[in-house]
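Heads up: the structure comes next, in structure tokens.
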Amino acid sequence: MSAISVGQAVILGAVEGVTEFLPVSSTGHLKITEGLMNIPVDDNAVVGFSAVIQVGAIAAVFVYFFKDIVRIVSAWGRGLRNREERYHHDYKFAWWVIYATIPIVVVGLAAKPLIEGPLASLWVVAASLIVGSGVMWAADQMGRHKRGEDDTSFKDAMLVGSSQILALLFPGFSRSGATMSTALILDLDRVAATRLSFFLGIPALTGAGLYELKDALGAGVGVAPLAVGTVVSFVVAYGSIAWLLKFVAKHSFNAFVIYRIVVGLALFGLLGAGVLN
């Protein structure tokens, strides 16, 4: 028997696709959904499944930003061959994404027992949703929103990339929420902060999904649920990306802040009442 059925995989894939790039915590929403479906949130197979279906969401980023990715990778390739090309912003940005991924990889490997053990708790999710909301609200208020994507620097990439560790250690904090908040504090505008979050998430989420694939299959998740969950995640995430970029161009993050607080408080209530454990 697979630890997760195909029907459950459809639901979880949809949840992943909607929430992966919105600053509301995909991990938190997956764990809440798993809890409501009586799926053990700290089971190794379930943790692995959640990481693998993220690859579907990341594939949506590759498709949506295909021209941008080709431009950046091409600039990187030209820079490796030609010294004069190394002054181009896209060449430097490619290296920044690589360097900015190193901190989360190191912490992810070192803290794996904690991430898959004590920290894989719905109590942690509830607290992180609310605390992360405060950080996001403060960042949106503090930021002057005056810098665009072309103004990003190595320092920006490293700080924003390193902030992903918060979401890794505290499910519910939100990778998107952490990266966007950090970018806003650095005075990037909302669209630039959102796009930077997307690009920095590509290597981290792809690597996590591929790394967990073997463990997910070995721990009892069938190939069919993994494939279905990943495909559903891709389709839903593509629409979510398109909507988010249009939304942040004209609105603040206040709607996400309020939503996160409501979900966090509701989750505390469900846990306290014994509906979830």
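Please note that chains go A, B, ... in the order of the structure tokens, that every chain numbers its residues from 1, and that ligands are numbered from 1 in the order shown.
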### Message
Residues near region 261-277 of chain A, anyone? I mean within 12 Å using only C-alpha atoms, not counting same-chain ones fewer than 5 positions away, as a PyMOL selection string.
### Response
chain A and resi 24-25+28-29+31-42+120-137+171-173+254-256
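Taking CA of Ile72 (chain A) and CA of Asp90 (chain A) as the two end points, the separation is 5.0 Å.
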Within 12 Å of region 102-114 of chain A, which residues of region 143-206 of chain A show up? Give each one with its shortest atom-to-atom distance in Å (one decimal) and the two atoms involved, counting only C-alpha atoms, rows by chain then rising residue number, as JSON lines.
{"residue": "A:Ala157", "atom": "CA", "partner": "A:Ile102", "partner_atom": "CA", "distance": 11.5}
{"residue": "A:Met158", "atom": "CA", "partner": "A:Pro103", "partner_atom": "CA", "distance": 8.7}
{"residue": "A:Leu159", "atom": "CA", "partner": "A:Pro103", "partner_atom": "CA", "distance": 10.0}
{"residue": "A:Val160", "atom": "CA", "partner": "A:Pro103", "partner_atom": "CA", "distance": 10.8}
{"residue": "A:Gly161", "atom": "CA", "partner": "A:Ile104", "partner_atom": "CA", "distance": 7.7}
{"residue": "A:Ser162", "atom": "CA", "partner": "A:Pro103", "partner_atom": "CA", "distance": 5.8}
{"residue": "A:Ser163", "atom": "CA", "partner": "A:Ile104", "partner_atom": "CA", "distance": 8.4}
{"residue": "A:Gln164", "atom": "CA", "partner": "A:Ile104", "partner_atom": "CA", "distance": 6.6}
{"residue": "A:Ile165", "atom": "CA", "partner": "A:Ile104", "partner_atom": "CA", "distance": 5.5}
{"residue": "A:Leu166", "atom": "CA", "partner": "A:Ile104", "partner_atom": "CA", "distance": 9.3}
{"residue": "A:Ala167", "atom": "CA", "partner": "A:Ile104", "partner_atom": "CA", "distance": 9.9}
{"residue": "A:Leu168", "atom": "CA", "partner": "A:Gly108", "partner_atom": "CA", "distance": 7.1}
{"residue": "A:Leu169", "atom": "CA", "partner": "A:Leu114", "partner_atom": "CA", "distance": 8.0}
{"residue": "A:Phe170", "atom": "CA", "partner": "A:Leu114", "partner_atom": "CA", "distance": 10.2}
{"residue": "A:Pro171", "atom": "CA", "partner": "A:Leu114", "partner_atom": "CA", "distance": 11.6}
{"residue": "A:Arg175", "atom": "CA", "partner": "A:Ile104", "partner_atom": "CA", "distance": 11.0}
{"residue": "A:Leu200", "atom": "CA", "partner": "A:Ile104", "partner_atom": "CA", "distance": 10.8}
{"residue": "A:Gly201", "atom": "CA", "partner": "A:Ile104", "partner_atom": "CA", "distance": 10.5}
{"residue": "A:Pro203", "atom": "CA", "partner": "A:Val105", "partner_atom": "CA", "distance": 9.7}
{"residue": "A:Ala204", "atom": "CA", "partner": "A:Val105", "partner_atom": "CA", "distance": 7.3}
{"residue": "A:Leu205", "atom": "CA", "partner": "A:Val105", "partner_atom": "CA", "distance": 10.2}
{"residue": "A:Thr206", "atom": "CA", "partner": "A:Val105", "partner_atom": "CA", "distance": 11.5}
### Task
Tell me which protein, DNA and RNA residues are within 10 Å of Ala208 (chain A), counting only C-alpha atoms, leaving out same-chain ones fewer than 5 positions away, and put them as a list in words.
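The contact residues come out as Gly48, Ser50, Ala51, Val52, Gln54, Val55, Val105, Gly108, Pro203 and Leu213 of chain A.
Every protein or nucleic acid residue with an atom no more than 9 Å from Ala183 (chain A), counting only C-alpha atoms and leaving out same-chain residues fewer than 5 positions away, appears here: Ala139, Gly143, Asp156, Ala157, Leu159, Val160, Ala178, Leu188, Asp189, Arg190, Ala192, Ala193, Thr194, Leu196 and Ser197 of chain A.
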I need the residues from that last selection saved to file as a tab-separated table (two decimals), in the first residue's frame (with N, CA, C and O atoms), if you can.
chain	number	residue	atom	x	y	z
A	139	ALA	N	8.27	44.28	7.06
A	139	ALA	CA	9.13	44.46	5.88
A	139	ALA	C	8.45	45.32	4.83
A	139	ALA	O	9.07	46.19	4.20
A	143	GLY	N	10.23	48.83	3.86
A	143	GLY	CA	10.83	48.95	2.55
A	143	GLY	C	10.39	50.19	1.80
A	143	GLY	O	9.22	50.59	1.88
A	156	ASP	N	22.51	41.50	-1.88
A	156	ASP	CA	21.07	41.24	-1.90
A	156	ASP	C	20.80	39.75	-2.07
A	156	ASP	O	20.00	39.15	-1.34
A	157	ALA	N	21.46	39.14	-3.07
A	157	ALA	CA	21.23	37.73	-3.37
A	157	ALA	C	21.59	36.84	-2.18
A	157	ALA	O	20.86	35.90	-1.84
A	159	LEU	N	21.77	37.64	1.08
A	159	LEU	CA	20.87	37.84	2.21
A	159	LEU	C	19.50	37.22	1.93
A	159	LEU	O	18.92	36.54	2.80
A	160	VAL	N	18.99	37.44	0.74
A	160	VAL	CA	17.68	36.88	0.38
A	160	VAL	C	17.77	35.35	0.31
A	160	VAL	O	16.89	34.64	0.80
A	178	ALA	N	9.74	34.60	3.47
A	178	ALA	CA	11.05	34.98	4.01
A	178	ALA	C	11.88	35.74	2.98
A	178	ALA	O	12.47	36.78	3.27
A	188	LEU	N	14.00	46.66	-2.35
A	188	LEU	CA	13.54	46.27	-3.68
A	188	LEU	C	12.04	46.49	-3.77
A	188	LEU	O	11.33	46.40	-2.77
A	189	ASP	N	11.55	46.78	-4.98
A	189	ASP	CA	10.11	46.92	-5.12
A	189	ASP	C	9.47	45.53	-5.09
A	189	ASP	O	10.15	44.51	-5.15
A	190	ARG	N	8.15	45.49	-4.98
A	190	ARG	CA	7.47	44.21	-4.76
A	190	ARG	C	7.64	43.24	-5.92
A	190	ARG	O	7.78	42.04	-5.72
A	192	ALA	N	10.18	43.15	-8.12
A	192	ALA	CA	11.57	42.69	-8.11
A	192	ALA	C	11.80	41.68	-7.00
A	192	ALA	O	12.50	40.68	-7.18
A	193	ALA	N	11.20	41.93	-5.82
A	193	ALA	CA	11.34	41.01	-4.69
A	193	ALA	C	10.73	39.66	-5.03
A	193	ALA	O	11.29	38.60	-4.70
A	194	THR	N	9.58	39.69	-5.71
A	194	THR	CA	8.89	38.45	-6.06
A	194	THR	C	9.68	37.66	-7.10
A	194	THR	O	9.86	36.44	-6.98
A	196	LEU	N	12.92	37.84	-7.72
A	196	LEU	CA	14.15	37.36	-7.10
A	196	LEU	C	13.86	36.10	-6.28
A	196	LEU	O	14.65	35.15	-6.28
A	197	SER	N	12.73	36.09	-5.59
A	197	SER	CA	12.33	34.92	-4.82
A	197	SER	C	12.17	33.70	-5.72
A	197	SER	O	12.59	32.59	-5.37
### Near-Ile69 (chain A) list (9 Å; only C-alpha atoms; drop same-chain fewer than 5 positions) as a list in words
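In the requested form, the answer reads Phe62, Ser74 and Phe199 of chain A.
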Write a file of the just-selected residues containing N, CA, C and O atoms, as an mmCIF file, in the first residue's frame.
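What landed in again31.cif:
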data_model
loop_
_atom_site.group_PDB
_atom_site.id
_atom_site.type_symbol
_atom_site.label_atom_id
_atom_site.label_comp_id
_atom_site.auth_asym_id
_atom_site.auth_seq_id
_atom_site.Cartn_x
_atom_site.Cartn_y
_atom_site.Cartn_z
ATOM 1 N N PHE A 62 10.324 27.312 -14.520
ATOM 2 C CA PHE A 62 11.148 27.157 -15.717
ATOM 3 C C PHE A 62 10.368 27.527 -16.975
ATOM 4 O O PHE A 62 10.893 28.203 -17.869
ATOM 5 N N SER A 74 22.664 31.810 -20.711
ATOM 6 C CA SER A 74 23.500 32.118 -21.884
ATOM 7 C C SER A 74 24.591 33.121 -21.524
ATOM 8 O O SER A 74 25.749 32.977 -21.942
ATOM 9 N N PHE A 199 13.625 33.110 -8.727
ATOM 10 C CA PHE A 199 14.905 32.652 -9.266
ATOM 11 C C PHE A 199 15.760 31.950 -8.211
ATOM 12 O O PHE A 199 16.409 30.942 -8.498
#
### Task
Would you kindly return, as a PyMOL selection string, each protein, DNA or RNA residue with an atom no farther than 9 Å from any atom of region 230-239 of chain A, considering only C-alpha atoms and excluding same-chain residues fewer than 5 positions away?
chain A and resi 9-21+52-61+63-64+225+244
### Query
When DSSP works through the backbone of this structure, what residues of region 86-212 of chain A end up as helix (DSSP H, G or I), shown as a PyMOL selection string?
chain A and resi 86-87+89-110+112-115+122-142+149-151+154-162+164-169+175-185+190-212
### Query
If you measure from CA of Ser26 (chain A) to CA of Pro118 (chain A), what distance in Å do you get, rounded to one decimal?
18.5 Å
